$ cat work.txt   # compact mmCIF, C-alpha atoms
# COMPACT_ATOMS: atom_id res chain seq x y z
CA MET A 1392 38.51 -133.69 -0.43
CA THR A 1393 36.11 -131.35 1.32
CA VAL A 1394 36.81 -129.52 4.58
CA LEU A 1395 34.49 -131.88 6.49
CA GLU A 1396 36.15 -134.97 5.00
CA ASN A 1397 39.55 -133.62 5.99
CA LEU A 1398 38.36 -133.18 9.57
CA GLU A 1399 36.83 -136.66 9.62
CA MET A 1400 40.14 -138.11 8.46
CA GLY A 1401 41.81 -136.24 11.32
CA ALA A 1402 39.83 -138.50 13.64
CA PHE A 1403 40.69 -141.64 11.61
CA ILE A 1404 42.22 -143.39 14.62
CA PHE A 1405 38.95 -143.13 16.58
CA ASN A 1406 35.97 -145.44 16.20
CA ASP A 1407 33.78 -143.82 18.88
CA LYS A 1408 31.15 -141.86 16.90
CA ASP A 1409 30.13 -139.64 19.85
CA LEU A 1410 33.73 -138.69 20.52
CA ILE A 1411 34.25 -137.75 16.86
CA LYS A 1412 31.04 -135.70 16.90
CA ASN A 1413 32.10 -133.85 20.07
CA ASN A 1414 35.54 -133.12 18.68
CA LEU A 1415 34.01 -131.88 15.45
CA GLU A 1416 31.69 -129.51 17.33
CA HIS A 1417 34.60 -128.28 19.42
CA VAL A 1418 36.70 -127.65 16.32
CA TYR A 1419 33.81 -125.81 14.64
CA ARG A 1420 33.49 -123.56 17.71
CA GLU A 1421 37.21 -122.75 17.52
CA PHE A 1422 37.16 -122.19 13.77
CA PRO A 1423 33.69 -120.97 12.71
CA VAL A 1424 35.00 -120.31 9.20
CA LEU A 1425 35.49 -124.04 8.70
CA LYS A 1426 31.89 -124.74 9.65
CA ARG A 1427 30.69 -122.22 7.08
CA LYS A 1428 32.86 -123.80 4.39
CA LYS A 1429 32.55 -127.43 5.45
CA ASP A 1430 31.40 -128.67 2.03
CA GLU A 1431 33.97 -126.75 0.02
CA LEU A 1432 37.09 -128.41 -1.34
CA ALA A 1433 40.02 -127.87 1.00
CA GLY A 1434 42.22 -126.99 -1.97
CA ASN A 1435 39.98 -123.99 -2.74
CA LEU A 1436 40.44 -122.36 0.70
CA SER A 1437 42.75 -119.39 1.18
CA GLY A 1438 46.23 -119.95 2.60
CA GLY A 1439 45.19 -118.86 6.09
CA GLU A 1440 42.09 -121.03 6.04
CA GLN A 1441 44.14 -124.02 4.91
CA GLN A 1442 46.52 -123.46 7.82
CA MET A 1443 43.53 -123.31 10.19
CA LEU A 1444 42.15 -126.50 8.65
CA ALA A 1445 45.49 -128.21 9.24
CA MET A 1446 45.38 -127.14 12.90
CA ALA A 1447 41.73 -128.14 13.20
CA ARG A 1448 42.47 -131.55 11.69
CA ALA A 1449 45.16 -132.09 14.29
CA LEU A 1450 42.73 -131.05 17.06
CA MET A 1451 40.29 -133.77 15.92
CA GLN A 1452 42.52 -136.29 17.70
CA SER A 1453 41.72 -134.90 21.20
CA THR A 1454 45.15 -133.32 21.03
CA GLU A 1455 47.32 -132.79 24.11
CA LEU A 1456 50.45 -131.70 22.28
CA LEU A 1457 50.27 -129.74 19.04
CA LEU A 1458 53.30 -129.45 16.77
CA LEU A 1459 53.24 -126.53 14.33
CA ASP A 1460 55.82 -126.20 11.59
CA GLU A 1461 56.08 -122.57 10.41
CA PRO A 1462 52.37 -121.73 10.64
CA SER A 1463 53.03 -118.23 9.28
CA LEU A 1464 54.77 -119.40 6.11
CA GLY A 1465 53.46 -117.63 3.01
CA LEU A 1466 50.64 -115.81 4.79
CA ALA A 1467 49.68 -112.13 4.88
CA PRO A 1468 50.57 -110.27 8.14
CA LYS A 1469 46.90 -109.92 9.11
CA VAL A 1470 46.33 -113.64 8.68
CA VAL A 1471 49.49 -114.42 10.63
CA SER A 1472 48.07 -112.42 13.57
CA GLU A 1473 44.84 -114.43 13.36
CA ILE A 1474 46.73 -117.72 13.40
CA PHE A 1475 48.80 -116.65 16.41
CA GLU A 1476 45.64 -115.53 18.25
CA LYS A 1477 44.27 -119.02 17.68
CA VAL A 1478 47.48 -120.55 19.00
CA LEU A 1479 47.20 -118.43 22.16
CA LYS A 1480 43.58 -119.46 22.60
CA LEU A 1481 44.42 -123.15 22.25
CA LYS A 1482 47.22 -122.67 24.78
CA SER A 1483 44.79 -121.15 27.24
CA GLU A 1484 42.63 -124.26 26.86
CA GLY A 1485 45.47 -126.40 28.12
CA ILE A 1486 47.03 -127.74 24.93
CA SER A 1487 50.81 -127.79 24.91
CA ILE A 1488 52.21 -126.34 21.71
CA ILE A 1489 55.62 -126.52 20.07
CA ILE A 1490 56.12 -124.08 17.21
CA VAL A 1491 59.04 -123.96 14.82
CA GLU A 1492 58.91 -120.43 13.40
CA GLN A 1493 61.05 -117.99 11.43
CA ASN A 1494 58.98 -114.99 12.54
CA ALA A 1495 61.01 -114.71 15.77
CA LYS A 1496 59.36 -111.58 17.15
CA LYS A 1497 55.82 -112.92 16.91
CA ALA A 1498 56.78 -116.38 18.12
CA VAL A 1499 58.66 -115.13 21.19
CA GLU A 1500 55.76 -112.83 22.09
CA ILE A 1501 53.39 -115.74 22.59
CA ALA A 1502 55.87 -118.36 23.80
CA ASP A 1503 56.63 -119.30 27.40
CA ARG A 1504 60.01 -120.65 26.44
CA THR A 1505 62.12 -119.99 23.39
CA TYR A 1506 64.98 -122.02 22.02
CA ILE A 1507 67.09 -120.65 19.21
CA PHE A 1508 68.79 -123.15 16.96
CA GLU A 1509 72.03 -122.71 15.09
CA ASP A 1510 73.34 -125.50 12.88
CA GLY A 1511 71.00 -127.99 14.54
CA LYS A 1512 72.14 -127.18 18.07
CA ILE A 1513 70.43 -125.05 20.71
CA ALA A 1514 72.43 -121.80 20.76
CA LEU A 1515 70.23 -119.77 23.11
CA GLU A 1516 67.30 -120.41 25.37
CA GLY A 1517 65.13 -118.29 27.59
CA GLY A 1518 61.80 -116.53 28.14
CA LYS A 1519 60.44 -113.39 26.54
CA GLU A 1520 63.56 -111.36 27.45
CA ILE A 1521 65.53 -113.38 24.90
CA LEU A 1522 64.83 -110.85 22.14
CA LYS A 1523 66.93 -108.24 23.98
CA ASP A 1524 69.95 -110.54 24.08
CA PRO A 1525 72.62 -109.11 21.70
CA ARG A 1526 73.70 -112.60 20.68
CA ILE A 1527 70.39 -113.12 18.90
CA LYS A 1528 71.46 -110.69 16.15
CA GLU A 1529 74.70 -112.55 15.70
CA ILE A 1530 72.89 -115.83 15.27
CA TYR A 1531 70.27 -114.43 12.92
CA PHE A 1532 72.45 -112.25 10.74
CA GLY A 1533 75.73 -114.07 11.12
CA GLY A 1534 77.33 -110.86 12.47
CA ARG A 1535 80.63 -112.39 13.44
CA MET B 181 21.92 -148.92 -37.67
CA PHE B 182 22.42 -145.96 -35.35
CA ASN B 183 20.65 -147.65 -32.45
CA GLN B 184 22.55 -150.91 -32.95
CA LEU B 185 25.90 -149.11 -32.93
CA LEU B 186 24.83 -147.12 -29.88
CA ILE B 187 24.00 -150.32 -27.98
CA ASN B 188 27.19 -152.05 -29.12
CA GLY B 189 29.11 -148.99 -27.99
CA LEU B 190 27.45 -149.02 -24.58
CA ILE B 191 28.21 -152.73 -24.11
CA ALA B 192 31.86 -152.20 -25.05
CA GLY B 193 31.96 -149.13 -22.78
CA ALA B 194 30.49 -151.07 -19.87
CA ILE B 195 33.18 -153.76 -20.17
CA TYR B 196 35.99 -151.22 -20.57
CA SER B 197 34.73 -149.24 -17.59
CA LEU B 198 34.99 -152.31 -15.35
CA VAL B 199 38.62 -152.74 -16.43
CA ALA B 200 39.51 -149.05 -16.33
CA SER B 201 37.87 -148.18 -13.00
CA GLY B 202 39.82 -150.83 -11.07
CA PHE B 203 43.02 -149.93 -12.86
CA SER B 204 42.48 -146.23 -12.23
CA LEU B 205 41.68 -146.85 -8.56
CA ILE B 206 44.98 -148.68 -8.08
CA TYR B 207 46.87 -146.05 -10.07
CA SER B 208 45.39 -143.13 -8.14
CA ILE B 209 46.36 -144.64 -4.79
CA CYS B 210 49.62 -146.48 -5.48
CA LYS B 211 50.84 -144.07 -8.23
CA PHE B 212 52.18 -146.70 -10.60
CA VAL B 213 50.83 -148.47 -13.68
CA HIS B 214 49.63 -151.97 -12.74
CA PHE B 215 49.49 -153.66 -16.16
CA ALA B 216 49.07 -157.10 -14.57
CA HIS B 217 45.55 -155.93 -13.78
CA GLY B 218 44.66 -157.35 -17.21
CA VAL B 219 45.75 -160.85 -16.36
CA VAL B 220 43.60 -160.84 -13.20
CA ILE B 221 40.67 -160.56 -15.60
CA THR B 222 41.87 -163.53 -17.66
CA LEU B 223 42.64 -165.68 -14.63
CA SER B 224 39.22 -165.04 -13.13
CA GLY B 225 37.57 -166.19 -16.38
CA TYR B 226 39.73 -169.33 -16.54
CA PHE B 227 39.14 -170.08 -12.88
CA LEU B 228 35.40 -170.02 -13.50
CA TYR B 229 35.93 -172.28 -16.54
CA PHE B 230 37.97 -174.68 -14.38
CA LEU B 231 35.47 -174.81 -11.52
CA PHE B 232 32.26 -174.86 -13.54
CA SER B 233 33.11 -176.57 -16.83
CA LYS B 234 35.88 -178.90 -15.63
CA LEU B 235 34.97 -179.73 -12.05
CA GLY B 236 31.25 -179.33 -12.60
CA LEU B 237 30.55 -177.21 -9.52
CA ASN B 238 27.38 -175.14 -9.17
CA PHE B 239 27.56 -172.08 -11.45
CA TRP B 240 26.87 -169.35 -8.88
CA PHE B 241 29.15 -170.98 -6.34
CA SER B 242 31.91 -171.01 -8.99
CA VAL B 243 31.23 -167.36 -9.82
CA ILE B 244 31.61 -166.31 -6.18
CA LEU B 245 34.78 -168.37 -5.78
CA SER B 246 36.23 -166.85 -8.97
CA ILE B 247 35.58 -163.30 -7.75
CA ILE B 248 37.20 -164.09 -4.38
CA PHE B 249 40.09 -165.70 -6.23
CA ALA B 250 40.62 -162.57 -8.36
CA SER B 251 40.56 -160.35 -5.26
CA LEU B 252 43.04 -162.58 -3.48
CA LEU B 253 45.29 -162.65 -6.53
CA GLY B 254 45.39 -158.85 -6.63
CA PHE B 255 46.12 -158.72 -2.89
CA LEU B 256 48.93 -161.28 -3.26
CA THR B 257 50.60 -159.58 -6.25
CA ASP B 258 50.77 -156.43 -4.13
CA LYS B 259 52.04 -158.21 -1.02
CA VAL B 260 54.48 -160.60 -2.68
CA VAL B 261 55.84 -158.49 -5.52
CA TYR B 262 55.09 -154.76 -5.30
CA LYS B 263 55.42 -154.37 -1.54
CA GLN B 264 58.81 -156.08 -1.55
CA LEU B 265 59.96 -153.78 -4.33
CA ARG B 266 58.63 -150.69 -2.53
CA LYS B 267 60.55 -151.75 0.57
CA ARG B 268 63.71 -151.72 -1.54
CA LYS B 269 62.83 -148.17 -2.63
CA ALA B 270 62.09 -149.22 -6.21
CA SER B 271 61.03 -146.39 -8.53
CA ASN B 272 57.66 -146.39 -10.27
CA THR B 273 59.40 -147.41 -13.51
CA ILE B 274 60.67 -150.57 -11.82
CA LEU B 275 57.16 -151.31 -10.53
CA LEU B 276 55.84 -150.81 -14.08
CA MET B 277 58.43 -153.31 -15.40
CA ALA B 278 57.45 -155.76 -12.67
CA SER B 279 53.79 -155.41 -13.61
CA VAL B 280 54.56 -156.16 -17.27
CA ALA B 281 56.62 -159.16 -16.17
CA LEU B 282 53.72 -160.40 -14.04
CA LEU B 283 51.38 -159.97 -17.00
CA ILE B 284 53.61 -162.08 -19.27
CA PHE B 285 54.25 -164.62 -16.53
CA PHE B 286 50.58 -165.29 -15.80
CA GLU B 287 49.63 -165.24 -19.48
CA SER B 288 52.28 -167.91 -20.16
CA LEU B 289 51.09 -169.88 -17.15
CA ILE B 290 47.55 -169.96 -18.56
CA LEU B 291 48.95 -171.01 -21.92
CA LEU B 292 50.82 -173.90 -20.23
CA LEU B 293 47.89 -175.03 -18.10
CA PHE B 294 44.99 -174.58 -20.51
CA GLY B 295 46.53 -174.36 -24.00
CA ALA B 296 46.10 -171.68 -26.64
CA ASP B 297 42.72 -172.74 -27.99
CA VAL B 298 39.53 -170.82 -27.23
CA LYS B 299 37.56 -172.13 -24.23
CA THR B 300 33.83 -171.83 -23.75
CA ILE B 301 32.27 -171.67 -20.32
CA GLY B 302 28.97 -172.77 -21.84
CA TYR B 303 26.63 -171.75 -19.03
CA ILE B 304 24.50 -169.52 -21.18
CA LYS B 305 22.85 -171.18 -24.16
CA ILE B 306 23.20 -169.25 -27.38
CA SER B 307 19.93 -167.40 -27.61
CA LYS B 308 18.39 -165.09 -30.10
CA GLY B 309 18.72 -161.46 -29.12
CA ILE B 310 15.84 -159.30 -28.03
CA GLU B 311 14.88 -156.49 -30.33
CA ILE B 312 14.65 -153.05 -28.69
CA PHE B 313 14.38 -149.85 -30.78
CA ASN B 314 15.42 -151.70 -33.97
CA ALA B 315 18.59 -152.96 -32.28
CA ILE B 316 19.40 -156.49 -31.20
CA ILE B 317 20.74 -157.13 -27.69
CA THR B 318 21.15 -160.48 -25.94
CA PRO B 319 20.01 -161.01 -22.33
CA LEU B 320 23.65 -161.46 -21.27
CA GLN B 321 24.55 -158.08 -22.75
CA ILE B 322 21.74 -156.47 -20.77
CA VAL B 323 23.15 -158.14 -17.66
CA ILE B 324 26.63 -156.80 -18.49
CA ILE B 325 25.36 -153.23 -18.75
CA ILE B 326 23.27 -153.48 -15.56
CA VAL B 327 26.01 -155.16 -13.52
CA SER B 328 28.60 -152.60 -14.57
CA ILE B 329 26.30 -149.68 -13.74
CA ILE B 330 25.50 -151.16 -10.31
CA LEU B 331 29.18 -151.82 -9.62
CA LEU B 332 30.29 -148.36 -10.67
CA ILE B 333 27.60 -146.68 -8.55
CA SER B 334 28.56 -148.84 -5.56
CA LEU B 335 32.22 -147.98 -6.08
CA PHE B 336 31.33 -144.29 -6.20
CA LEU B 337 29.24 -144.49 -3.00
CA PHE B 338 31.91 -146.57 -1.29
CA MET B 339 34.59 -143.97 -2.03
CA LYS B 340 32.29 -141.09 -1.05
CA LYS B 341 30.56 -142.37 2.07
CA THR B 342 32.54 -145.04 3.91
CA LYS B 343 35.46 -144.41 6.21
CA LEU B 344 37.71 -146.77 4.24
CA GLY B 345 36.73 -145.09 0.98
CA LYS B 346 37.55 -141.67 2.39
CA ALA B 347 40.86 -142.95 3.73
CA MET B 348 41.64 -144.29 0.25
CA ARG B 349 40.95 -140.88 -1.24
CA ALA B 350 43.09 -139.28 1.45
CA VAL B 351 46.05 -141.49 0.55
CA ALA B 352 45.46 -140.82 -3.17
CA ASP B 353 45.43 -137.07 -2.41
CA ASN B 354 48.47 -136.88 -0.19
CA LYS B 355 50.07 -139.99 1.25
CA ASP B 356 52.28 -138.18 3.78
CA VAL B 357 49.49 -136.14 5.36
CA ALA B 358 47.30 -139.25 5.45
CA GLU B 359 50.00 -141.04 7.41
CA VAL B 360 50.29 -138.11 9.82
CA VAL B 361 46.65 -138.59 10.87
CA GLY B 362 47.21 -142.31 11.37
CA ILE B 363 46.17 -143.93 8.08
CA SER B 364 48.49 -146.79 7.14
CA SER B 365 49.26 -146.33 3.46
CA GLU B 366 50.39 -149.96 3.07
CA LYS B 367 46.98 -151.13 4.29
CA ILE B 368 45.26 -148.76 1.89
CA TYR B 369 47.44 -150.05 -0.97
CA SER B 370 46.29 -153.57 -0.12
CA TRP B 371 42.65 -152.49 -0.10
CA SER B 372 42.99 -150.77 -3.46
CA PHE B 373 44.31 -154.02 -4.94
CA ILE B 374 41.57 -156.08 -3.30
CA ILE B 375 38.77 -153.83 -4.54
CA GLY B 376 40.29 -153.14 -7.97
CA SER B 377 40.89 -156.85 -8.56
CA LEU B 378 37.40 -157.73 -7.35
CA ILE B 379 35.96 -155.54 -10.10
CA ALA B 380 38.44 -157.08 -12.56
CA GLY B 381 37.27 -160.54 -11.47
CA ILE B 382 33.66 -159.67 -12.23
CA ALA B 383 34.75 -158.21 -15.58
CA GLY B 384 36.60 -161.45 -16.36
CA ILE B 385 33.49 -163.51 -15.73
CA LEU B 386 31.23 -161.28 -17.82
CA VAL B 387 33.72 -161.12 -20.70
CA GLY B 388 34.32 -164.88 -20.45
CA LEU B 389 30.61 -165.53 -20.82
CA GLU B 390 30.20 -163.01 -23.63
CA GLN B 391 33.30 -163.61 -25.78
CA ASN B 392 34.76 -166.96 -24.59
CA LEU B 393 38.23 -167.37 -23.10
CA GLU B 394 41.66 -166.83 -24.62
CA PRO B 395 44.98 -166.42 -22.80
CA THR B 396 45.41 -162.94 -24.30
CA MET B 397 41.91 -161.64 -23.55
CA GLY B 398 42.95 -159.72 -20.44
CA THR B 399 45.94 -158.13 -22.12
CA ASN B 400 43.76 -156.85 -24.97
CA LEU B 401 41.21 -155.54 -22.48
CA MET B 402 43.97 -153.95 -20.41
CA ILE B 403 45.19 -152.00 -23.44
CA LYS B 404 41.67 -150.71 -23.99
CA GLY B 405 41.13 -150.01 -20.31
CA PHE B 406 44.44 -148.16 -20.14
CA THR B 407 43.49 -146.10 -23.19
CA ALA B 408 40.12 -145.31 -21.61
CA ALA B 409 41.81 -144.30 -18.35
CA ILE B 410 44.14 -141.91 -20.18
CA ILE B 411 41.28 -140.40 -22.20
CA GLY B 412 39.24 -139.86 -19.04
CA GLY B 413 42.14 -138.56 -16.98
CA ILE B 414 44.46 -141.07 -15.35
CA GLY B 415 44.03 -141.32 -11.62
CA SER B 416 40.41 -140.19 -11.72
CA VAL B 417 37.94 -143.08 -11.32
CA PRO B 418 34.90 -141.14 -12.67
CA GLY B 419 37.12 -139.94 -15.53
CA SER B 420 38.13 -143.48 -16.44
CA ILE B 421 34.46 -144.51 -16.56
CA LEU B 422 33.63 -141.56 -18.81
CA GLY B 423 36.63 -142.42 -21.00
CA SER B 424 35.52 -146.05 -21.23
CA PHE B 425 32.07 -145.23 -22.54
CA LEU B 426 33.49 -142.61 -24.90
CA LEU B 427 36.01 -145.13 -26.24
CA GLY B 428 33.35 -147.86 -26.63
CA LEU B 429 31.03 -145.51 -28.50
CA VAL B 430 33.68 -143.99 -30.78
CA GLU B 431 35.08 -147.43 -31.63
CA ASN B 432 31.68 -148.71 -32.64
CA PHE B 433 30.53 -145.61 -34.47
CA GLY B 434 33.87 -145.66 -36.31
CA ILE B 435 32.71 -148.81 -38.08
CA TRP B 436 29.99 -146.75 -39.68
CA PHE B 437 32.63 -145.08 -41.84
CA LEU B 438 35.46 -147.61 -41.77
CA PRO B 439 35.83 -151.37 -42.20
CA SER B 440 35.35 -153.15 -38.86
CA GLY B 441 39.02 -154.23 -38.86
CA TYR B 442 39.91 -150.61 -38.03
CA LYS B 443 38.14 -150.75 -34.65
CA ASP B 444 41.40 -150.95 -32.67
CA ALA B 445 43.05 -148.36 -34.91
CA VAL B 446 40.27 -145.90 -34.03
CA ALA B 447 40.95 -146.48 -30.33
CA PHE B 448 44.64 -145.75 -30.69
CA ILE B 449 44.11 -142.71 -32.89
CA ILE B 450 41.98 -141.26 -30.07
CA LEU B 451 44.71 -142.18 -27.59
CA PHE B 452 47.31 -140.29 -29.64
CA ILE B 453 45.04 -137.28 -30.09
CA PHE B 454 44.55 -137.10 -26.32
CA LEU B 455 48.22 -137.62 -25.52
CA LEU B 456 49.13 -134.81 -27.91
CA PHE B 457 46.47 -132.22 -27.11
CA ARG B 458 45.06 -133.05 -23.69
CA PRO B 459 47.50 -135.37 -21.90
CA GLN B 460 45.73 -134.86 -18.56
CA GLY B 461 42.52 -136.36 -20.02
CA ILE B 462 38.95 -135.15 -19.78
CA LEU B 463 38.63 -134.93 -15.98
CA GLY B 464 42.32 -134.94 -15.09
CA VAL B 465 44.00 -132.02 -13.40
CA LYS B 466 47.01 -130.42 -15.04
CA LYS B 467 50.07 -130.75 -12.85
$ encode --input "work.txt" --output "structure tokens"
Amino acid sequence: MTVLENLEMGAFIFNDKDLIKNNLEHVYREFPVLKRKKDELAGNLSGGEQQMLAMARALMQSTELLLLDEPSLGLAPKVVSEIFEKVLKLKSEGISIIIVEQNAKKAVEIADRTYIFEDGKIALEGGKEILKDPRIKEIYFGGR
Amino acid sequence: MFNQLLINGLIAGAIYSLVASGFSLIYSICKFVHFAHGVVITLSGYFLYFLFSKLGLNFWFSVILSIIFASLLGFLTDKVVYKQLRKRKASNTILLMASVALLIFFESLILLLFGADVKTIGYIKISKGIEIFNAIITPLQIVIIIVSIILLISLFLFMKKTKLGKAMRAVADNKDVAEVVGISSEKIYSWSFIIGSLIAGIAGILVGLEQNLEPTMGTNLMIKGFTAAIIGGIGSVPGSILGSFLLGLVENFGIWFLPSGYKDAVAFIILFIFLLFRPQGILGVKK
């Protein structure tokens, strides 16, 4: 399916044509690259662009809470920075975001609150100072 | 001779494409082989025979009822049989077995109700064919070609332009992501059966008028439609249409060199060649 079709399917639950059009324009403003490539097949986009399309598709639903599962997975460092900039921008627009992310340093930098999981339980929680906590190394590298 | 074989090939291709496109549509969305698709074709033909020739209803009214009946039948096989099996986490192999069972069940049912002898709908009087470019074609055959082209174009536009069509492609592409954005895959499965069976119903009527009715007609067509779908690339509706016309043409041009009894053999030789050297078909994507 093309980029545009993917975005339209993001708004599948809506029937209000004006609302869909507004959301589409909003998403195009956030991600100009998607507007340029709207008629291309989504499968032909680069990894970073596909990740942006996935986020854009979620935003088509007038999103209030965005869940991101490892948005940096398999992407080049430069692209990861771009994705995180987008996340920050969306946050500044009032969308609540929950990210599950292996790239701890980058994730903590942009997060208001951080929770670190170990064996499915919350082992540590805190703000940006959490990276300085010595226990974080133990959890990450199993240094016990 | 060449022109006659070309026209015969196009007629055969048009009929196969009606079978294969519906079958391929269901396969691409539900990801299992629905062999009972063939018997929907047969039942639609017999239903028209029952309404028009037995009960004496108006022809066009009977045609519309038969098409609705075929659609409903497809919808019900999905709801009553396949959906229940999916709920029990049945694998695609189990669904395939169930579809073969349904095929045999309905074929036997027709045999019980109508008997094994050939039935004629008898709406169209046997007429002399029209001669175009040194080839003979009957008015009904022209109708078959035109109806199939109109149907296939409508199916293409439906899948490309409408919201439901796009949602169907989304589920075919990736069911889990489609569900994340709020598309109910069960509903889409139902729609694929309704639309696929509707096309099968129309095919049943056209074939019934052209070749008369036999309990096994749908099964034979299903084998050809399945072959066409594999040649074209299983799961791709445009591919299955391409495969159908290719199969129809090759079958008929084969008679130029071989006795006409080898028609089916030619079809299966092509099937084997494709399975060996290009199993993904003409338009299929290698996985």
$ closest_residue --input "work.txt" --among "A:Ala1445, A:Leu1458, A:Val1424, A:Ser1453" --to "A:Ile1404" --atoms "all atoms listed in the file"
A:Ser1453
$ closest_atom_pairs --input "work.txt" --of "chain A" --to "chain B" --cutoff "7 Å" --atoms "only C-alpha atoms" --output "JSON lines"
{"residue": "A:Met1400", "atom": "CA", "partner": "B:Ala347", "partner_atom": "CA", "distance": 6.8}
{"residue": "A:Gly1401", "atom": "CA", "partner": "B:Val361", "partner_atom": "CA", "distance": 5.4}
{"residue": "A:Phe1403", "atom": "CA", "partner": "B:Gly362", "partner_atom": "CA", "distance": 6.6}
{"residue": "A:Ile1404", "atom": "CA", "partner": "B:Gly362", "partner_atom": "CA", "distance": 6.1}
$ residues_around --input "work.txt" --residues "B:Thr222" --least-positions-apart "3" --cutoff "10 Å" --atoms "all atoms listed in the file" --output "ChimeraX atom specification"
/B:217-219,225-227,250,286-287,290,380-381,383-385,387-388,393-399,401
$ residues_around --input "work.txt" --residues "A:Gly1465" --least-positions-apart "3" --cutoff "12 Å" --atoms "only C-alpha atoms" --output "PyMOL selection string"
chain A and resi 1437-1439+1441-1442+1461-1462+1468-1471+1493-1494
$ residues_near_point --input "work.txt" --point "(41.6, -159.0, -6.7)" --cutoff "12 Å" --atoms "only C-alpha atoms" --output "PDB file with C-alpha atoms, in the frame of the given file"
ATOM      1  CA  VAL B 199      38.620-152.740 -16.430  1.00  0.00           C
ATOM      2  CA  GLY B 202      39.820-150.830 -11.070  1.00  0.00           C
ATOM      3  CA  PHE B 203      43.020-149.930 -12.860  1.00  0.00           C
ATOM      4  CA  ILE B 206      44.980-148.680  -8.080  1.00  0.00           C
ATOM      5  CA  ALA B 216      49.070-157.100 -14.570  1.00  0.00           C
ATOM      6  CA  HIS B 217      45.550-155.930 -13.780  1.00  0.00           C
ATOM      7  CA  GLY B 218      44.660-157.350 -17.210  1.00  0.00           C
ATOM      8  CA  VAL B 219      45.750-160.850 -16.360  1.00  0.00           C
ATOM      9  CA  VAL B 220      43.600-160.840 -13.200  1.00  0.00           C
ATOM     10  CA  ILE B 221      40.670-160.560 -15.600  1.00  0.00           C
ATOM     11  CA  THR B 222      41.870-163.530 -17.660  1.00  0.00           C
ATOM     12  CA  LEU B 223      42.640-165.680 -14.630  1.00  0.00           C
ATOM     13  CA  SER B 224      39.220-165.040 -13.130  1.00  0.00           C
ATOM     14  CA  LEU B 245      34.780-168.370  -5.780  1.00  0.00           C
ATOM     15  CA  SER B 246      36.230-166.850  -8.970  1.00  0.00           C
ATOM     16  CA  ILE B 247      35.580-163.300  -7.750  1.00  0.00           C
ATOM     17  CA  ILE B 248      37.200-164.090  -4.380  1.00  0.00           C
ATOM     18  CA  PHE B 249      40.090-165.700  -6.230  1.00  0.00           C
ATOM     19  CA  ALA B 250      40.620-162.570  -8.360  1.00  0.00           C
ATOM     20  CA  SER B 251      40.560-160.350  -5.260  1.00  0.00           C
ATOM     21  CA  LEU B 252      43.040-162.580  -3.480  1.00  0.00           C
ATOM     22  CA  LEU B 253      45.290-162.650  -6.530  1.00  0.00           C
ATOM     23  CA  GLY B 254      45.390-158.850  -6.630  1.00  0.00           C
ATOM     24  CA  PHE B 255      46.120-158.720  -2.890  1.00  0.00           C
ATOM     25  CA  LEU B 256      48.930-161.280  -3.260  1.00  0.00           C
ATOM     26  CA  THR B 257      50.600-159.580  -6.250  1.00  0.00           C
ATOM     27  CA  ASP B 258      50.770-156.430  -4.130  1.00  0.00           C
ATOM     28  CA  LYS B 259      52.040-158.210  -1.020  1.00  0.00           C
ATOM     29  CA  SER B 370      46.290-153.570  -0.120  1.00  0.00           C
ATOM     30  CA  TRP B 371      42.650-152.490  -0.100  1.00  0.00           C
ATOM     31  CA  SER B 372      42.990-150.770  -3.460  1.00  0.00           C
ATOM     32  CA  PHE B 373      44.310-154.020  -4.940  1.00  0.00           C
ATOM     33  CA  ILE B 374      41.570-156.080  -3.300  1.00  0.00           C
ATOM     34  CA  ILE B 375      38.770-153.830  -4.540  1.00  0.00           C
ATOM     35  CA  GLY B 376      40.290-153.140  -7.970  1.00  0.00           C
ATOM     36  CA  SER B 377      40.890-156.850  -8.560  1.00  0.00           C
ATOM     37  CA  LEU B 378      37.400-157.730  -7.350  1.00  0.00           C
ATOM     38  CA  ILE B 379      35.960-155.540 -10.100  1.00  0.00           C
ATOM     39  CA  ALA B 380      38.440-157.080 -12.560  1.00  0.00           C
ATOM     40  CA  GLY B 381      37.270-160.540 -11.470  1.00  0.00           C
ATOM     41  CA  ILE B 382      33.660-159.670 -12.230  1.00  0.00           C
ATOM     42  CA  ALA B 383      34.750-158.210 -15.580  1.00  0.00           C
ATOM     43  CA  GLY B 384      36.600-161.450 -16.360  1.00  0.00           C
TER      44      GLY B 384
END
$ atom_distance --input "work.txt" --atom1 "atom CA of A:Glu1396" --atom2 "atom CA of A:Met1446"
14.5 Å
$ atom_distance --input "work.txt" --atom1 "atom CA of A:Lys1429" --atom2 "atom CA of A:Thr1393"
6.7 Å
$ residues_around --input "work.txt" --residues "B:Leu190" --least-positions-apart "3" --cutoff "10 Å" --atoms "all atoms listed in the file" --output "list of chain:residue names"
B:Gln184, B:Leu185, B:Leu186, B:Ile187, B:Gly193, B:Ala194, B:Ile195, B:Tyr196, B:Gln321, B:Ile324, B:Ile325, B:Ser424, B:Phe425, B:Leu426, B:Leu427, B:Gly428, B:Leu429, B:Asn432
$ residues_near_point --input "work.txt" --point "(49.9, -132.0, 20.4)" --cutoff "7 Å" --atoms "all atoms listed in the file" --output "list in words"
Thr1454, Glu1455, Leu1456, Leu1457, Leu1458, Ile1486, Ser1487 and Ile1488 of chain A
$ write_last_selection --input "work.txt" --atoms "C-alpha atoms" --output "CSV table (one decimal), in the frame of the given file"
chain,number,residue,atom,x,y,z
A,1454,THR,CA,45.2,-133.3,21.0
A,1455,GLU,CA,47.3,-132.8,24.1
A,1456,LEU,CA,50.4,-131.7,22.3
A,1457,LEU,CA,50.3,-129.7,19.0
A,1458,LEU,CA,53.3,-129.4,16.8
A,1486,ILE,CA,47.0,-127.7,24.9
A,1487,SER,CA,50.8,-127.8,24.9
A,1488,ILE,CA,52.2,-126.3,21.7
